[in-house]
$ cat protein_16.txt   # compact mmCIF, C-alpha atoms
# COMPACT_ATOMS: atom_id res chain seq x y z
CA MET A 1039 64.88 38.61 -81.83
CA SER A 1040 65.93 41.21 -84.39
CA SER A 1041 66.14 44.86 -83.48
CA ARG A 1042 64.24 47.64 -85.16
CA ARG A 1043 67.66 49.08 -86.08
CA GLU A 1044 68.24 46.04 -88.27
CA ILE A 1045 65.30 47.13 -90.45
CA LEU A 1046 66.92 50.54 -90.91
CA ASP A 1047 70.24 48.91 -91.79
CA LEU A 1048 68.55 46.70 -94.39
CA LEU A 1049 66.73 49.66 -95.96
CA ARG A 1050 69.99 51.62 -96.12
CA GLU A 1051 71.57 48.61 -97.82
CA ASN A 1052 68.74 48.39 -100.36
CA ALA A 1053 65.72 50.69 -100.19
CA ARG A 1054 63.96 48.45 -102.71
CA TYR A 1055 63.66 45.55 -100.28
CA THR A 1056 60.01 44.64 -99.87
CA THR A 1057 58.42 44.06 -96.48
CA GLU A 1058 58.48 40.38 -97.41
CA ASP A 1059 62.24 40.51 -98.05
CA ILE A 1060 62.90 42.27 -94.75
CA ALA A 1061 60.67 39.85 -92.82
CA ARG A 1062 62.61 36.94 -94.33
CA LEU A 1063 65.93 38.54 -93.25
CA THR A 1064 64.75 39.35 -89.70
CA ASP A 1065 62.66 37.75 -87.00
CA TYR A 1066 59.70 40.03 -87.73
CA SER A 1067 56.52 39.16 -89.62
CA GLU A 1068 55.72 41.03 -92.81
CA SER A 1069 52.96 43.02 -91.08
CA GLU A 1070 55.33 43.94 -88.22
CA VAL A 1071 57.91 45.16 -90.74
CA ALA A 1072 55.28 47.29 -92.51
CA GLU A 1073 54.14 48.76 -89.19
CA ILE A 1074 57.69 49.54 -88.04
CA ILE A 1075 58.57 51.20 -91.37
CA GLU A 1076 55.40 53.29 -91.18
CA GLU A 1077 56.33 54.35 -87.62
CA PHE A 1078 59.82 55.32 -88.80
CA GLU A 1079 58.36 57.39 -91.65
CA GLU A 1080 55.79 59.13 -89.44
CA ALA A 1081 58.42 59.92 -86.78
CA GLY A 1082 60.74 61.42 -89.42
CA ILE A 1083 63.40 58.77 -88.83
CA ILE A 1084 63.12 57.72 -92.47
CA ARG A 1085 63.12 60.96 -94.47
CA GLY A 1086 62.95 59.48 -97.96
CA TYR A 1087 64.30 56.92 -100.38
CA GLN A 1088 66.89 57.75 -103.03
CA ALA A 1089 68.78 56.02 -105.79
CA VAL A 1090 72.58 56.10 -105.66
CA VAL A 1091 73.61 57.31 -109.13
CA ASP A 1092 77.04 56.96 -110.70
CA TRP A 1093 76.86 60.12 -112.82
CA ASN A 1094 80.07 59.20 -114.64
CA ALA A 1095 78.34 56.09 -116.00
CA VAL A 1096 75.36 58.06 -117.36
CA GLU A 1097 75.78 58.55 -121.08
CA SER A 1098 74.72 62.12 -121.63
CA ASP A 1099 75.94 65.38 -123.07
CA GLU A 1100 74.81 67.10 -119.90
CA GLU A 1101 77.57 67.84 -117.44
CA ARG A 1102 76.86 67.38 -113.73
CA VAL A 1103 79.31 69.09 -111.40
CA ARG A 1104 79.51 68.47 -107.68
CA ALA A 1105 81.67 70.18 -105.10
CA THR A 1106 82.37 70.01 -101.40
CA VAL A 1107 82.71 73.42 -99.78
CA GLU A 1108 84.32 74.13 -96.41
CA LEU A 1109 82.58 77.01 -94.62
CA ASN A 1110 83.92 78.98 -91.69
CA VAL A 1111 81.47 81.14 -89.77
CA THR A 1112 81.49 83.67 -86.98
CA LEU A 1113 78.56 83.59 -84.58
CA ASP A 1114 77.12 86.48 -82.63
CA ARG A 1115 74.65 86.56 -79.73
CA GLU A 1116 71.61 86.50 -82.02
CA THR A 1117 72.82 83.94 -84.57
CA SER A 1118 73.31 80.20 -84.03
CA TYR A 1119 74.60 77.38 -86.23
CA ASP A 1120 70.98 76.32 -86.71
CA ASP A 1121 70.07 79.79 -88.00
CA ILE A 1122 72.86 79.68 -90.57
CA SER A 1123 72.08 76.10 -91.60
CA GLU A 1124 68.38 76.90 -92.16
CA ARG A 1125 69.32 79.71 -94.51
CA ILE A 1126 71.85 77.65 -96.50
CA ALA A 1127 69.78 74.45 -96.69
CA LYS A 1128 66.96 76.23 -98.54
CA PHE A 1129 69.00 76.59 -101.74
CA PRO A 1130 68.17 73.87 -104.30
CA GLU A 1131 71.85 73.60 -105.28
CA VAL A 1132 72.68 72.34 -101.76
CA THR A 1133 72.59 68.53 -101.59
CA SER A 1134 74.12 68.10 -98.11
CA LEU A 1135 74.99 70.35 -95.20
CA ARG A 1136 76.72 69.20 -92.03
CA LEU A 1137 78.12 70.90 -88.94
CA VAL A 1138 81.57 69.36 -88.41
CA SER A 1139 84.45 69.50 -85.98
CA GLY A 1140 87.94 70.46 -87.07
CA ASP A 1141 89.39 73.31 -89.10
CA TYR A 1142 86.08 74.55 -90.49
CA ASP A 1143 82.48 74.70 -89.30
CA PHE A 1144 80.20 73.44 -92.07
CA ASP A 1145 80.70 70.83 -94.77
CA LEU A 1146 78.52 71.81 -97.73
CA GLU A 1147 77.89 69.73 -100.84
CA VAL A 1148 76.51 71.47 -103.91
CA GLU A 1149 75.55 70.41 -107.40
CA GLY A 1150 75.21 72.32 -110.64
CA ASP A 1151 75.29 72.00 -114.42
CA SER A 1152 78.81 73.43 -114.78
CA MET A 1153 81.82 74.56 -112.77
CA ARG A 1154 80.84 78.12 -113.59
CA GLU A 1155 77.34 77.60 -112.16
CA VAL A 1156 78.70 76.09 -108.94
CA SER A 1157 81.33 78.81 -108.63
CA HIS A 1158 78.77 81.57 -109.12
CA PHE A 1159 76.43 79.96 -106.61
CA ILE A 1160 79.18 79.93 -103.97
CA SER A 1161 80.35 83.47 -104.70
CA ASP A 1162 76.90 85.04 -105.20
CA LYS A 1163 74.73 83.19 -102.67
CA ILE A 1164 76.90 81.57 -99.99
CA ALA A 1165 79.92 83.82 -99.53
CA PRO A 1166 77.83 87.02 -99.04
CA ILE A 1167 76.02 85.56 -96.01
CA PRO A 1168 77.26 87.88 -93.24
CA GLU A 1169 78.28 85.12 -90.79
CA ILE A 1170 80.38 83.26 -93.37
CA THR A 1171 84.00 84.31 -93.10
CA GLN A 1172 85.66 81.85 -95.51
CA THR A 1173 84.79 79.32 -98.22
CA VAL A 1174 87.08 76.69 -99.71
CA THR A 1175 85.66 74.81 -102.68
CA HIS A 1176 86.80 71.32 -103.71
CA TYR A 1177 85.38 70.09 -107.02
CA ILE A 1178 84.65 66.37 -107.06
CA MET A 1179 86.60 64.86 -109.94
CA GLU A 1180 85.68 61.20 -109.49
CA SER A 1181 83.48 59.25 -107.09
CA TYR A 1182 84.60 55.81 -106.00
CA LYS A 1183 81.99 55.23 -103.30
CA GLU A 1184 78.72 57.00 -102.43
CA GLN A 1185 76.36 56.17 -99.58
CA GLY A 1186 78.08 52.83 -99.01
CA MET A 1187 77.97 51.81 -102.68
CA GLU A 1188 81.25 51.27 -104.51
CA PHE A 1189 81.51 52.42 -108.11
CA ASP A 1190 83.68 49.85 -109.82
CA ASP A 1191 83.44 49.04 -113.48
CA HIS A 1192 85.23 45.67 -113.02
CA ASP A 1193 86.87 46.12 -116.42
CA ASP A 1194 90.33 46.51 -114.95
CA ASP A 1195 92.60 43.50 -115.19
CA ASP A 1196 94.39 43.41 -111.83
CA ARG A 1197 96.55 40.42 -112.78
CA LEU A 1198 100.29 40.94 -112.82
CA SER A 1199 101.83 40.63 -116.24
CA VAL A 1200 104.33 37.86 -116.70
CA SER A 1201 107.08 38.22 -119.24
CA PRO A 1202 109.44 35.48 -120.36

$ encode --input "protein_16.txt" --output "structure tokens"
Amino acid sequence: MSSRREILDLLRENARYTTEDIARLTDYSESEVAEIIEEFEEAGIIRGYQAVVDWNAVESDEERVRATVELNVTLDRETSYDDISERIAKFPEVTSLRLVSGDYDFDLEVEGDSMREVSHFISDKIAPIPEITQTVTHYIMESYKEQGMEFDDHDDDDRLSVSP
């Protein structure tokens, strides 16, 4: 029999699968799939459904700038990582925030309409937070894969040229 995890994997693969599609791909009935998905949503396991957008393929005059920001913090007796994350996550410019191991503490992803907007957000809103001791901003120049989806235009001719 299929596991409930398989339903999550299928929804991550394609959130537009219907309960009928998922039932066909698993050993569950359509009503069981609907019930399991509802349980996942009510328990907060499934937090939402989003489209994966290749912003470089969108024909528009509007610029969309994304950046990954490394944050180092210093904790005191009254402040925890959760306290800092709650404060940062409330900003609408923040698209992802993760506590990580390694050379820095938080991995922050932000989005704005221009490099200037992102830069000002980091310098005016994030850097002044008392526990933050350092920020390092990396602007995303090109995305090749997002949330498991590859961005490939398939226009490239990968054949080797042959000359006489």

$ closest_residue --input "protein_16.txt" --among "A:Thr1117, A:Ser1181, A:Thr1106, A:Ser1157" --to "Leu1135 (chain A)" --atoms "all atoms listed in the file"
A:Thr1106

$ closest_residue --input "protein_16.txt" --among "A:Asp1099, A:Glu1169, A:Glu1079, A:Glu1070" --to "Glu1116 (chain A)" --atoms "only C-alpha atoms"
A:Glu1169

$ closest_residue --input "protein_16.txt" --among "A:Asp1162, A:Glu1124, A:Glu1076, A:Arg1104" --to "Val1148 (chain A)" --atoms "all atoms listed in the file"
A:Arg1104

$ closest_residue --input "protein_16.txt" --among "A:Ser1139, A:Thr1173, A:Ser1152, A:Asn1052" --to "Val1090 (chain A)" --atoms "only C-alpha atoms"
A:Asn1052

$ residues_around --input "protein_16.txt" --residues "Ile1122 (chain A)" --least-positions-apart "3" --cutoff "10 Å" --atoms "only C-alpha atoms" --output "PyMOL selection string"
chain A and resi 1111+1113+1117-1119+1125-1127+1144+1167-1170

$ closest_residue --input "protein_16.txt" --among "A:Asp1120, A:Pro1130, A:Val1107, A:Ala1165" --to "Glu1147 (chain A)" --atoms "only C-alpha atoms"
A:Val1107

$ closest_residue --input "protein_16.txt" --among "A:Gln1185, A:Asp1151, A:Gly1086, A:Ser1161" --to "Glu1100 (chain A)" --atoms "only C-alpha atoms"
A:Asp1151

$ residues_around --input "protein_16.txt" --residues "Asp1190 (chain A)" --least-positions-apart "4" --cutoff "12 Å" --atoms "all atoms listed in the file" --output "VMD selection string"
chain A and resid 1092 1094 to 1095 1180 to 1184 1194

$ atom_distance --input "protein_16.txt" --atom1 "CA of Val1156 (chain A)" --atom2 "CA of His1176 (chain A)"
10.8 Å

$ atom_distance --input "protein_16.txt" --atom1 "CA of Gln1172 (chain A)" --atom2 "CA of Asn1110 (chain A)"
5.1 Å

$ residues_around --input "protein_16.txt" --residues "Glu1073 (chain A)" --least-positions-apart "4" --cutoff "12 Å" --atoms "all atoms listed in the file" --output "PDB file with C-alpha atoms, in the frame of the given file"
ATOM      1  CA  ARG A1042      64.240  47.640 -85.160  1.00  0.00           C
ATOM      2  CA  ILE A1045      65.300  47.130 -90.450  1.00  0.00           C
ATOM      3  CA  THR A1057      58.420  44.060 -96.480  1.00  0.00           C
ATOM      4  CA  ALA A1061      60.670  39.850 -92.820  1.00  0.00           C
ATOM      5  CA  TYR A1066      59.700  40.030 -87.730  1.00  0.00           C
ATOM      6  CA  SER A1067      56.520  39.160 -89.620  1.00  0.00           C
ATOM      7  CA  GLU A1068      55.720  41.030 -92.810  1.00  0.00           C
ATOM      8  CA  SER A1069      52.960  43.020 -91.080  1.00  0.00           C
ATOM      9  CA  GLU A1077      56.330  54.350 -87.620  1.00  0.00           C
ATOM     10  CA  PHE A1078      59.820  55.320 -88.800  1.00  0.00           C
ATOM     11  CA  GLU A1079      58.360  57.390 -91.650  1.00  0.00           C
ATOM     12  CA  GLU A1080      55.790  59.130 -89.440  1.00  0.00           C
TER      13      GLU A1080
END

$ atom_distance --input "protein_16.txt" --atom1 "CA of Leu1109 (chain A)" --atom2 "CA of Glu1131 (chain A)"
15.5 Å
